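Reproduced below: upload19.cif, with mmCIF, C-alpha atoms and all ligand atoms.
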data_structure
loop_
_atom_site.label_atom_id
_atom_site.label_comp_id
_atom_site.auth_asym_id
_atom_site.auth_seq_id
_atom_site.Cartn_x
_atom_site.Cartn_y
_atom_site.Cartn_z
CA MET M 27 0.00 0.00 0.00
CA ASN M 28 2.99 2.35 -0.47
CA ARG M 29 1.27 4.51 -3.05
CA ILE M 30 -1.52 5.17 -0.54
CA GLN M 31 0.93 6.42 2.10
CA ALA M 32 1.64 9.86 0.59
CA PRO M 33 -2.05 10.66 -0.02
CA CYS M 34 -2.89 9.36 3.46
CA ALA M 35 -0.28 11.66 4.98
CA GLN M 36 -2.07 14.65 3.40
CA CYS M 37 -5.56 13.66 4.60
CA ILE M 38 -7.12 16.38 6.73
CA SER M 39 -8.41 13.87 9.31
CA GLY M 40 -7.71 10.40 10.62
CA GLU M 41 -11.18 9.33 9.56
CA LEU M 42 -10.50 10.27 5.93
CA ARG M 43 -7.19 8.41 6.14
CA GLN M 44 -8.99 5.25 7.26
CA LEU M 45 -11.64 5.61 4.58
CA LEU M 46 -9.04 6.14 1.85
CA THR M 47 -7.13 3.08 3.02
CA ALA M 48 -10.35 1.03 2.92
CA ALA M 49 -11.26 2.24 -0.57
CA GLY M 50 -7.73 1.61 -1.86
CA ARG M 51 -7.68 -1.92 -0.45
CA ALA M 52 -11.07 -2.74 -1.99
CA ALA M 53 -10.11 -1.30 -5.39
CA LEU M 54 -6.83 -3.23 -5.54
CA ALA M 55 -8.56 -6.50 -4.58
CA ALA M 56 -11.14 -6.03 -7.32
CA GLY M 57 -8.43 -4.99 -9.78
CA GLN M 58 -6.58 -8.24 -9.20
CA LEU M 59 -9.71 -10.25 -10.05
CA ILE M 60 -10.31 -8.15 -13.15
CA LYS M 61 -6.73 -8.61 -14.36
CA GLN M 62 -6.94 -12.37 -13.83
CA GLY M 63 -10.21 -12.48 -15.77
CA TYR M 64 -9.02 -10.31 -18.66
CA ASP M 65 -7.71 -13.07 -20.96
CA GLN M 66 -10.44 -15.59 -20.10
CA PRO M 67 -13.65 -16.28 -22.02
CA HIS M 68 -16.53 -14.32 -20.50
CA GLU M 69 -20.09 -15.09 -19.50
CA ILE M 70 -21.91 -12.13 -20.98
CA THR M 71 -25.40 -11.12 -19.90
CA MET M 72 -27.23 -8.28 -21.66
CA LYS M 73 -28.73 -5.54 -19.45
CA GLY M 74 -30.09 -3.74 -22.52
CA VAL M 75 -29.60 -3.85 -26.29
CA ILE M 76 -25.90 -2.87 -26.09
CA ASN M 77 -25.33 -2.69 -22.32
CA LEU M 78 -23.62 -5.83 -21.07
CA VAL M 79 -22.29 -7.29 -17.84
CA THR M 80 -19.76 -10.09 -17.34
CA GLU M 81 -19.11 -12.55 -14.55
CA VAL M 82 -16.04 -10.45 -13.69
CA ASP M 83 -18.15 -7.32 -13.02
CA LEU M 84 -20.14 -9.38 -10.51
CA ALA M 85 -17.08 -10.98 -8.89
CA ALA M 86 -15.31 -7.61 -8.61
CA GLU M 87 -18.39 -6.05 -7.04
CA ALA M 88 -18.70 -8.90 -4.51
CA ALA M 89 -15.02 -8.49 -3.58
CA ILE M 90 -15.44 -4.73 -3.07
CA ILE M 91 -18.56 -5.17 -0.97
CA ALA M 92 -16.80 -7.78 1.21
CA SER M 93 -13.70 -5.61 1.61
CA LEU M 94 -15.56 -2.36 2.39
CA GLY M 95 -17.94 -4.29 4.64
CA ALA M 96 -15.01 -5.60 6.68
CA ASP M 97 -13.12 -2.29 6.87
CA THR M 98 -16.10 0.06 7.33
CA PRO M 99 -18.84 -2.00 8.98
CA GLY M 100 -22.29 -0.46 8.78
CA PHE M 101 -21.48 1.89 5.89
CA PRO M 102 -24.17 1.50 3.20
CA ILE M 103 -22.91 0.65 -0.29
CA MET M 104 -24.51 1.73 -3.54
CA ALA M 105 -22.95 -0.56 -6.15
CA GLU M 106 -23.86 -0.70 -9.82
CA GLU M 107 -24.68 -4.36 -10.22
CA SER M 108 -26.59 -4.70 -6.94
CA ALA M 109 -27.88 -1.17 -6.43
CA ALA M 110 -31.27 -2.55 -5.44
CA THR M 111 -29.99 -4.87 -2.73
CA HIS M 112 -27.34 -2.60 -1.25
CA GLY M 113 -29.30 0.62 -1.73
CA GLN M 114 -28.19 3.55 0.36
CA GLY M 115 -31.74 4.36 1.53
CA ASN M 116 -31.77 7.72 3.29
CA ALA M 117 -28.21 7.45 4.58
CA LYS M 118 -26.25 10.70 4.57
CA GLN M 119 -22.97 8.91 3.97
CA PHE M 120 -22.42 5.88 1.73
CA TRP M 121 -19.98 4.20 -0.63
CA VAL M 122 -20.66 4.44 -4.37
CA VAL M 123 -19.05 1.66 -6.38
CA ASP M 124 -18.54 0.89 -10.05
CA PRO M 125 -16.76 -2.48 -9.91
CA LEU M 126 -15.75 -2.31 -13.56
CA ASP M 127 -16.20 0.93 -15.46
CA GLY M 128 -15.67 0.21 -19.14
CA THR M 129 -17.24 -3.25 -19.29
CA THR M 130 -17.65 -3.10 -23.07
CA ASN M 131 -13.90 -2.49 -23.38
CA PHE M 132 -13.17 -5.31 -20.93
CA ALA M 133 -15.38 -7.76 -22.83
CA HIS M 134 -13.65 -6.87 -26.11
CA GLY M 135 -10.12 -7.09 -24.71
CA PHE M 136 -9.59 -3.31 -25.01
CA PRO M 137 -7.53 -2.55 -21.91
CA TYR M 138 -9.09 0.79 -20.85
CA PHE M 139 -11.28 0.14 -17.82
CA ALA M 140 -11.18 0.81 -14.10
CA VAL M 141 -12.61 0.20 -10.66
CA SER M 142 -14.23 3.31 -9.18
CA ILE M 143 -15.04 3.81 -5.49
CA ALA M 144 -16.20 7.02 -3.79
CA LEU M 145 -17.57 7.93 -0.41
CA LEU M 146 -20.43 10.43 -0.72
CA ALA M 147 -21.45 12.45 2.35
CA ASP M 148 -24.42 14.79 2.04
CA GLY M 149 -24.17 14.35 -1.72
CA LYS M 150 -20.49 15.37 -1.96
CA PRO M 151 -17.49 13.07 -2.40
CA LEU M 152 -15.01 12.88 0.49
CA VAL M 153 -12.88 10.00 -0.76
CA ALA M 154 -12.19 8.76 -4.29
CA VAL M 155 -10.21 5.86 -5.70
CA ILE M 156 -10.01 4.87 -9.37
CA TYR M 157 -7.80 1.90 -10.21
CA THR M 158 -6.91 0.69 -13.67
CA PRO M 159 -5.68 -2.90 -13.39
CA MET M 160 -3.97 -3.29 -16.78
CA LEU M 161 -1.79 -0.18 -16.32
CA ASP M 162 -1.61 -0.64 -12.54
CA GLU M 163 -2.48 3.05 -12.02
CA LEU M 164 -4.07 4.01 -8.72
CA PHE M 165 -5.72 7.43 -8.73
CA CYS M 166 -6.97 8.73 -5.40
CA ALA M 167 -8.19 11.90 -3.73
CA THR M 168 -9.64 13.04 -0.44
CA LYS M 169 -11.52 16.28 0.21
CA GLY M 170 -8.91 18.91 1.01
CA GLY M 171 -6.07 16.38 0.64
CA GLY M 172 -5.25 16.70 -3.06
CA ALA M 173 -5.35 14.26 -5.97
CA TRP M 174 -2.75 11.58 -6.57
CA LEU M 175 -1.57 9.01 -9.10
CA ASN M 176 0.51 6.13 -7.76
CA GLY M 177 1.57 8.26 -4.78
CA ARG M 178 2.46 11.41 -6.73
CA PRO M 179 0.35 14.59 -6.75
CA ILE M 180 -1.50 15.35 -9.99
CA ARG M 181 -2.81 18.58 -11.55
CA VAL M 182 -5.08 19.46 -14.44
CA THR M 183 -3.52 21.05 -17.54
CA GLY M 184 -3.01 24.76 -18.10
CA THR M 185 -4.44 24.63 -21.64
CA GLY M 186 -6.19 27.91 -22.37
CA GLN M 187 -7.41 27.50 -25.94
CA LEU M 188 -9.97 25.01 -27.19
CA ILE M 189 -7.97 24.46 -30.37
CA ALA M 190 -5.12 23.09 -28.22
CA ALA M 191 -7.42 20.87 -26.13
CA LEU M 192 -7.94 17.10 -26.13
CA ILE M 193 -11.49 16.47 -24.94
CA GLY M 194 -12.99 13.19 -23.77
CA THR M 195 -16.61 12.17 -24.13
CA GLY M 196 -18.81 9.10 -24.07
CA PHE M 197 -21.99 7.87 -25.72
CA PRO M 198 -24.94 6.76 -23.61
CA TYR M 199 -26.41 3.26 -23.93
CA GLU M 200 -29.86 4.80 -24.62
CA LEU M 201 -28.93 6.09 -28.09
CA ASP M 202 -32.44 5.48 -29.44
CA GLN M 203 -33.55 8.47 -27.34
CA THR M 204 -30.39 10.58 -27.32
CA LEU M 205 -28.63 10.26 -30.68
CA PRO M 206 -29.61 13.65 -32.20
CA GLY M 207 -28.42 15.58 -29.13
CA VAL M 208 -25.25 13.50 -28.83
CA LEU M 209 -24.35 14.14 -32.47
CA ARG M 210 -25.16 17.86 -32.21
CA GLN M 211 -22.79 18.26 -29.24
CA LEU M 212 -20.13 16.10 -30.87
CA ALA M 213 -20.21 18.20 -34.04
CA ALA M 214 -20.02 21.45 -32.06
CA VAL M 215 -17.04 20.32 -29.96
CA LEU M 216 -15.15 18.44 -32.67
CA ALA M 217 -15.15 21.52 -34.88
CA LYS M 218 -13.39 23.65 -32.27
CA VAL M 219 -10.92 21.42 -30.41
CA ARG M 220 -7.69 19.63 -31.30
CA ASP M 221 -9.36 16.22 -31.04
CA ILE M 222 -11.87 14.11 -29.16
CA ARG M 223 -11.46 10.73 -27.45
CA ARG M 224 -14.27 8.28 -26.73
CA ALA M 225 -12.15 5.84 -24.76
CA GLY M 226 -15.03 3.97 -23.08
CA ALA M 227 -14.76 4.39 -19.30
CA ALA M 228 -16.21 7.59 -17.85
CA ALA M 229 -14.61 7.25 -14.41
CA LEU M 230 -11.20 6.83 -15.98
CA ASP M 231 -11.86 9.71 -18.40
CA LEU M 232 -12.40 11.94 -15.36
CA ALA M 233 -9.19 10.65 -13.77
CA TYR M 234 -7.45 11.52 -17.05
CA VAL M 235 -8.74 15.11 -16.79
CA ALA M 236 -7.39 15.21 -13.22
CA CYS M 237 -3.89 14.11 -14.26
CA GLY M 238 -3.73 16.25 -17.41
CA ARG M 239 -4.04 13.57 -20.10
CA LEU M 240 -7.32 15.18 -21.16
CA ASP M 241 -8.17 18.89 -20.93
CA GLY M 242 -11.88 18.29 -20.48
CA PHE M 243 -14.67 15.73 -20.58
CA TYR M 244 -18.43 15.77 -21.08
CA GLU M 245 -21.16 13.14 -21.24
CA ILE M 246 -24.88 12.69 -20.61
CA ASN M 247 -26.90 9.96 -18.89
CA LEU M 248 -24.15 8.82 -16.55
CA GLN M 249 -24.88 7.21 -13.19
CA PRO M 250 -23.54 8.15 -9.73
CA TRP M 251 -21.03 5.26 -9.77
CA ASP M 252 -19.58 6.53 -13.06
CA THR M 253 -18.77 10.02 -11.80
CA ALA M 254 -18.67 10.29 -7.98
CA ALA M 255 -14.96 9.44 -7.62
CA GLY M 256 -13.84 11.25 -10.77
CA TRP M 257 -15.64 14.42 -9.67
CA LEU M 258 -13.50 14.66 -6.51
CA LEU M 259 -10.31 13.78 -8.41
CA VAL M 260 -10.86 16.60 -10.92
CA GLU M 261 -11.69 19.17 -8.23
CA GLU M 262 -8.78 18.20 -6.00
CA ALA M 263 -6.48 18.42 -9.03
CA GLY M 264 -7.57 22.04 -9.59
CA GLY M 265 -10.24 21.43 -12.22
CA ARG M 266 -13.94 22.25 -12.35
CA VAL M 267 -17.01 20.02 -12.60
CA THR M 268 -20.54 21.24 -13.34
CA ASP M 269 -23.68 19.89 -14.91
CA GLY M 270 -24.17 20.43 -18.62
CA SER M 271 -25.64 23.91 -18.07
CA GLY M 272 -22.89 25.14 -15.78
CA GLY M 273 -24.91 24.51 -12.60
CA ASP M 274 -23.65 22.84 -9.42
CA TYR M 275 -22.79 19.23 -10.10
CA SER M 276 -24.38 16.24 -8.37
CA PRO M 277 -23.80 12.62 -9.42
CA PHE M 278 -27.59 12.29 -9.46
CA VAL M 279 -27.98 14.73 -12.36
CA ARG M 280 -27.61 13.24 -15.82
CA SER M 281 -25.07 15.53 -17.49
CA ILE M 282 -21.49 16.35 -16.58
CA VAL M 283 -18.85 18.76 -17.85
CA ALA M 284 -15.37 18.53 -16.33
CA SER M 285 -12.38 20.60 -17.31
CA ASN M 286 -9.07 22.12 -16.31
CA ARG M 287 -11.18 25.13 -15.08
CA THR M 288 -9.72 27.59 -17.63
CA LEU M 289 -11.56 25.97 -20.54
CA HIS M 290 -14.82 25.51 -18.65
CA PRO M 291 -16.78 28.54 -19.94
CA SER M 292 -15.86 27.92 -23.57
CA LEU M 293 -16.59 24.19 -23.34
CA LEU M 294 -19.98 24.89 -21.76
CA GLN M 295 -20.77 27.38 -24.49
CA LEU M 296 -20.05 24.81 -27.22
CA LEU M 297 -22.35 22.30 -25.53
CA GLN M 298 -25.43 24.58 -25.31
C1 LIG W 1 -20.04 3.03 -18.99
C2 LIG W 1 -18.72 3.68 -19.35
C3 LIG W 1 -18.83 4.41 -20.67
C4 LIG W 1 -19.96 5.41 -20.65
C5 LIG W 1 -21.25 4.73 -20.28
C6 LIG W 1 -21.10 4.06 -18.91
P1 LIG W 1 -19.98 0.72 -17.62
O1 LIG W 1 -19.94 2.36 -17.75
O2 LIG W 1 -18.34 4.59 -18.35
O3 LIG W 1 -17.66 5.11 -20.98
O4 LIG W 1 -20.07 6.00 -21.91
O5 LIG W 1 -22.27 5.68 -20.25
O6 LIG W 1 -22.30 3.48 -18.52
O7 LIG W 1 -21.35 0.29 -18.05
O8 LIG W 1 -18.90 0.19 -18.46
O9 LIG W 1 -19.75 0.54 -16.15
CA CA W 2 -19.66 2.75 -15.39
CA CA W 3 -19.70 -0.90 -14.52
#

Starting from the file, lay out its structure as structure tokens.
Amino acid sequence: MNRIQAPCAQCISGELRQLLTAAGRAALAAGQLIKQGYDQPHEITMKGVINLVTEVDLAAEAAIIASLGADTPGFPIMAEESAATHGQGNAKQFWVVDPLDGTTNFAHGFPYFAVSIALLADGKPLVAVIYTPMLDELFCATKGGGAWLNGRPIRVTGTGQLIAALIGTGFPYELDQTLPGVLRQLAAVLAKVRDIRRAGAAALDLAYVACGRLDGFYEINLQPWDTAAGWLLVEEAGGRVTDGSGGDYSPFVRSIVASNRTLHPSLLQLLQ
């Protein structure tokens, strides 16, 4: 757990330090299962026309729930594949877990996917861990304690012009309802920036904004487990996160715009 030590040392409280340690341990355990499962044939179940889940998503989620349950007994867990059974109810503080963000990539052997774990308290993230097993990159952040990649502090870029910006995005599963709007925004952004990436894992895209590999990111129809951890990473790395209209962000709204802060107004303008 060496790469957790530096971020832990910067935590503003002992409680946050314990929570970060718990989230890091759970993410690494799940990451190991995901890495082992990567080259194996998968049992694929369809959740929608193009939205799939594999046996590894379920195993990773079970490992995270067991690990967080042992380290933080009594903390509710909202996890993607079992949201109904581990629902957070009216709790003010709960874990939000995406056991495998980028399942389509995983199922196709495209190695861009991650585990995402956040602790939300009163709707705001206090702790965030995003772990990408194939690159062995552990992103983490705590409120007031900075954002980190493998034990080193990270910052958003200083890019000031859209034409010099690399922007990430994603396409929702519900394209039958959203395609015209998605294409309109894509056309508006693509025409003004250096290039766009649709890499296929929203949590990791947000971590990439935090560490400066992307200058910004936007998407619609995401879920709390896709964005809760990445939101804190971007903010602690000096970036800005809002909803698609520039309003206060919440992982329970369905649009997100994240950026290095400088580009935020111009990116929002393109998306209107
Ligand atoms: C998906 C990925 C993808 C995004 C989708 C998400 P999943 O998560 O983050 O990049 O475009 O909207 O649902 O289903 O792989 O956990
Ligand atoms: Ca996801
Ligand atoms: Ca997932």

Best match for closeness to ligand CA 3 (chain W) among M:Ala140, M:Ala284, M:Ala236, M:Leu289, counting all atoms listed in the file: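 Once distances to ligand CA 3 (chain W) are computed over all atoms listed in the file, the minimum belongs to M:Ala140.
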
Among listed residues M:Ala144, M:Ile222, M:Leu188, M:Leu78, nearest ligand LIG 1 (chain W) (using all atoms listed in the file): M:Leu78

Interatomic distance (Å, one decimal) between CA of Leu297 in chain M and CA of Phe136 in chain M: 28.6 Å

Test item: which residues lie within 9 Å of (-26.5, 15.0, 2.5) counting only C-alpha atoms, as a list in words: Ala117, Lys118, Gln119, Leu146, Ala147, Asp148, Gly149 and Lys150 of chain M

Keeping C-alpha atoms, export the residues of the selection given above as a compact mmCIF listing (two decimals), in the coordinates of the input.
# COMPACT_ATOMS: atom_id res chain seq x y z
CA ALA M 117 -28.21 7.45 4.58
CA LYS M 118 -26.25 10.70 4.57
CA GLN M 119 -22.97 8.91 3.97
CA LEU M 146 -20.43 10.43 -0.72
CA ALA M 147 -21.45 12.45 2.35
CA ASP M 148 -24.42 14.79 2.04
CA GLY M 149 -24.17 14.35 -1.72
CA LYS M 150 -20.49 15.37 -1.96

Gap from CA of Gln66 in chain M to CA of Ala233 in chain M - Å, one decimal: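 A separation of 27.0 Å between them.
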
With the cut-off set at 12 Å and counting all atoms listed in the file, tabulate each residue of chain M with an atom at most that distance from an atom of ligand CA 3 (chain W), showing the nearest atom pair and its distance in Å to one decimal, ordered by chain and increasing number, as a Markdown table.
| residue | atom | partner | partner_atom | distance |
| --- | --- | --- | --- | --- |
| M:Ile60 | CA | W:CA3 | CA | 11.9 |
| M:Lys73 | CA | W:CA3 | CA | 11.3 |
| M:Asn77 | CA | W:CA3 | CA | 9.8 |
| M:Leu78 | CA | W:CA3 | CA | 9.1 |
| M:Val79 | CA | W:CA3 | CA | 7.7 |
| M:Thr80 | CA | W:CA3 | CA | 9.6 |
| M:Glu81 | CA | W:CA3 | CA | 11.7 |
| M:Val82 | CA | W:CA3 | CA | 10.3 |
| M:Asp83 | CA | W:CA3 | CA | 6.8 |
| M:Leu84 | CA | W:CA3 | CA | 9.4 |
| M:Ala85 | CA | W:CA3 | CA | 11.8 |
| M:Ala86 | CA | W:CA3 | CA | 10.0 |
| M:Glu87 | CA | W:CA3 | CA | 9.2 |
| M:Ala105 | CA | W:CA3 | CA | 9.0 |
| M:Glu106 | CA | W:CA3 | CA | 6.3 |
| M:Glu107 | CA | W:CA3 | CA | 7.4 |
| M:Ser108 | CA | W:CA3 | CA | 10.9 |
| M:Ala109 | CA | W:CA3 | CA | 11.5 |
| M:Val122 | CA | W:CA3 | CA | 11.5 |
| M:Val123 | CA | W:CA3 | CA | 8.6 |
| M:Asp124 | CA | W:CA3 | CA | 5.0 |
| M:Pro125 | CA | W:CA3 | CA | 5.7 |
| M:Leu126 | CA | W:CA3 | CA | 4.3 |
| M:Asp127 | CA | W:CA3 | CA | 4.1 |
| M:Gly128 | CA | W:CA3 | CA | 6.2 |
| M:Thr129 | CA | W:CA3 | CA | 5.9 |
| M:Thr130 | CA | W:CA3 | CA | 9.1 |
| M:Asn131 | CA | W:CA3 | CA | 10.7 |
| M:Phe132 | CA | W:CA3 | CA | 10.2 |
| M:Ala133 | CA | W:CA3 | CA | 11.6 |
| M:Phe139 | CA | W:CA3 | CA | 9.1 |
| M:Ala140 | CA | W:CA3 | CA | 8.7 |
| M:Val141 | CA | W:CA3 | CA | 8.1 |
| M:Ser142 | CA | W:CA3 | CA | 8.7 |
| M:Ile143 | CA | W:CA3 | CA | 11.2 |
| M:Gly226 | CA | W:CA3 | CA | 10.9 |
| M:Ala227 | CA | W:CA3 | CA | 8.7 |
| M:Ala228 | CA | W:CA3 | CA | 9.8 |
| M:Ala229 | CA | W:CA3 | CA | 9.6 |
| M:Leu230 | CA | W:CA3 | CA | 11.6 |
| M:Leu248 | CA | W:CA3 | CA | 10.9 |
| M:Gln249 | CA | W:CA3 | CA | 9.7 |
| M:Pro250 | CA | W:CA3 | CA | 10.9 |
| M:Trp251 | CA | W:CA3 | CA | 7.9 |
| M:Asp252 | CA | W:CA3 | CA | 7.6 |
| M:Thr253 | CA | W:CA3 | CA | 11.3 |

Option closest in space to Phe243 in chain M, from M:Leu293, M:Ala96, M:Leu209, M:Val279 [counting all atoms listed in the file]: M:Leu293

M:Ala35, M:Leu94, M:Ile30, M:Ala88 ranked by distance to Gly171 in chain M, top pick (using all atoms listed in the file): M:Ala35

Close residues, Leu42 in chain M itself excluded, 9 Å, only C-alpha atoms, min 6 positions apart in chain, as a PyMOL selection string: chain M and resi 34+152-153+168-169

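Considering all atoms listed in the file, the residue among M:Ser281, M:Ser276, M:Ser271, M:Gln58 positioned nearest to ligand LIG 1 (chain W) is M:Ser281.
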
CA of Gly194 in chain M to CA of Arg223 in chain M, straight-line distance in Å: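 Separation of CA of Arg223 in chain M and CA of Gly194 in chain M: 4.7 Å.
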
Edge lengths and centre, in Å to one decimal, as JSON: that's what I need for the box along x, y and z that holds all listed atoms of ligand LIG 1 (chain W) plus 5 Å on each side.
{"center_x": -20.0, "center_y": 3.1, "center_z": -19.0, "size_x": 14.6, "size_y": 15.8, "size_z": 15.8}

Nearest residue to ligand LIG 1 (chain W) from the set M:Leu201, M:Cys237, M:Ala92, M:Leu216 (distances using only C-alpha atoms and all ligand atoms):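 Using only C-alpha atoms and all ligand atoms, ligand LIG 1 (chain W) sits closest to M:Leu201.
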
Distance query Pro198 in chain M at most 8 Å, all atoms listed in the file, self and fewer than 6 positions along chain excluded, as a VMD selection string: chain M and resid 204 245 to 248

Distance query Gln298 in chain M at most 10 Å, all atoms listed in the file, self and fewer than 5 positions along chain excluded, as a list in words: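 What passes the distance filter is Arg210, Gln211, Ala214, Gly270, Ser271, Gly272 and Leu293 of chain M.
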
Could you please take those selected residues and save C-alpha atoms as an mmCIF file, in the frame of the given file?
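Output saved as selection-v7.cif:
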data_model
loop_
_atom_site.group_PDB
_atom_site.id
_atom_site.type_symbol
_atom_site.label_atom_id
_atom_site.label_comp_id
_atom_site.auth_asym_id
_atom_site.auth_seq_id
_atom_site.Cartn_x
_atom_site.Cartn_y
_atom_site.Cartn_z
ATOM 1 C CA ARG M 210 -25.160 17.860 -32.210
ATOM 2 C CA GLN M 211 -22.790 18.260 -29.240
ATOM 3 C CA ALA M 214 -20.020 21.450 -32.060
ATOM 4 C CA GLY M 270 -24.170 20.430 -18.620
ATOM 5 C CA SER M 271 -25.640 23.910 -18.070
ATOM 6 C CA GLY M 272 -22.890 25.140 -15.780
ATOM 7 C CA LEU M 293 -16.590 24.190 -23.340
#

Long-range neighbours of range 182-185 of chain M as JSON, numbers by chain, 6 Å cut-off, only C-alpha atoms, 2 positions minimum in chain: {"M": [187, 236, 237, 238, 263, 265, 286]}

Cut-off 10 Å around (-2.9, -4.6, -11.7) with all atoms listed in the file: residues as a list in words: Leu54, Ala55, Ala56, Gly57, Gln58, Leu59, Ile60, Lys61, Gln62, Tyr157, Thr158, Pro159, Met160, Leu161, Asp162, Glu163 and Leu164 of chain M

Go ahead and write the selection's residues with C-alpha atoms as a PDB file, in the coordinates of the input.
ATOM      1  CA  LEU M  54      -6.830  -3.230  -5.540  1.00  0.00           C
ATOM      2  CA  ALA M  55      -8.560  -6.500  -4.580  1.00  0.00           C
ATOM      3  CA  ALA M  56     -11.140  -6.030  -7.320  1.00  0.00           C
ATOM      4  CA  GLY M  57      -8.430  -4.990  -9.780  1.00  0.00           C
ATOM      5  CA  GLN M  58      -6.580  -8.240  -9.200  1.00  0.00           C
ATOM      6  CA  LEU M  59      -9.710 -10.250 -10.050  1.00  0.00           C
ATOM      7  CA  ILE M  60     -10.310  -8.150 -13.150  1.00  0.00           C
ATOM      8  CA  LYS M  61      -6.730  -8.610 -14.360  1.00  0.00           C
ATOM      9  CA  GLN M  62      -6.940 -12.370 -13.830  1.00  0.00           C
ATOM     10  CA  TYR M 157      -7.800   1.900 -10.210  1.00  0.00           C
ATOM     11  CA  THR M 158      -6.910   0.690 -13.670  1.00  0.00           C
ATOM     12  CA  PRO M 159      -5.680  -2.900 -13.390  1.00  0.00           C
ATOM     13  CA  MET M 160      -3.970  -3.290 -16.780  1.00  0.00           C
ATOM     14  CA  LEU M 161      -1.790  -0.180 -16.320  1.00  0.00           C
ATOM     15  CA  ASP M 162      -1.610  -0.640 -12.540  1.00  0.00           C
ATOM     16  CA  GLU M 163      -2.480   3.050 -12.020  1.00  0.00           C
ATOM     17  CA  LEU M 164      -4.070   4.010  -8.720  1.00  0.00           C
TER      18      LEU M 164
END
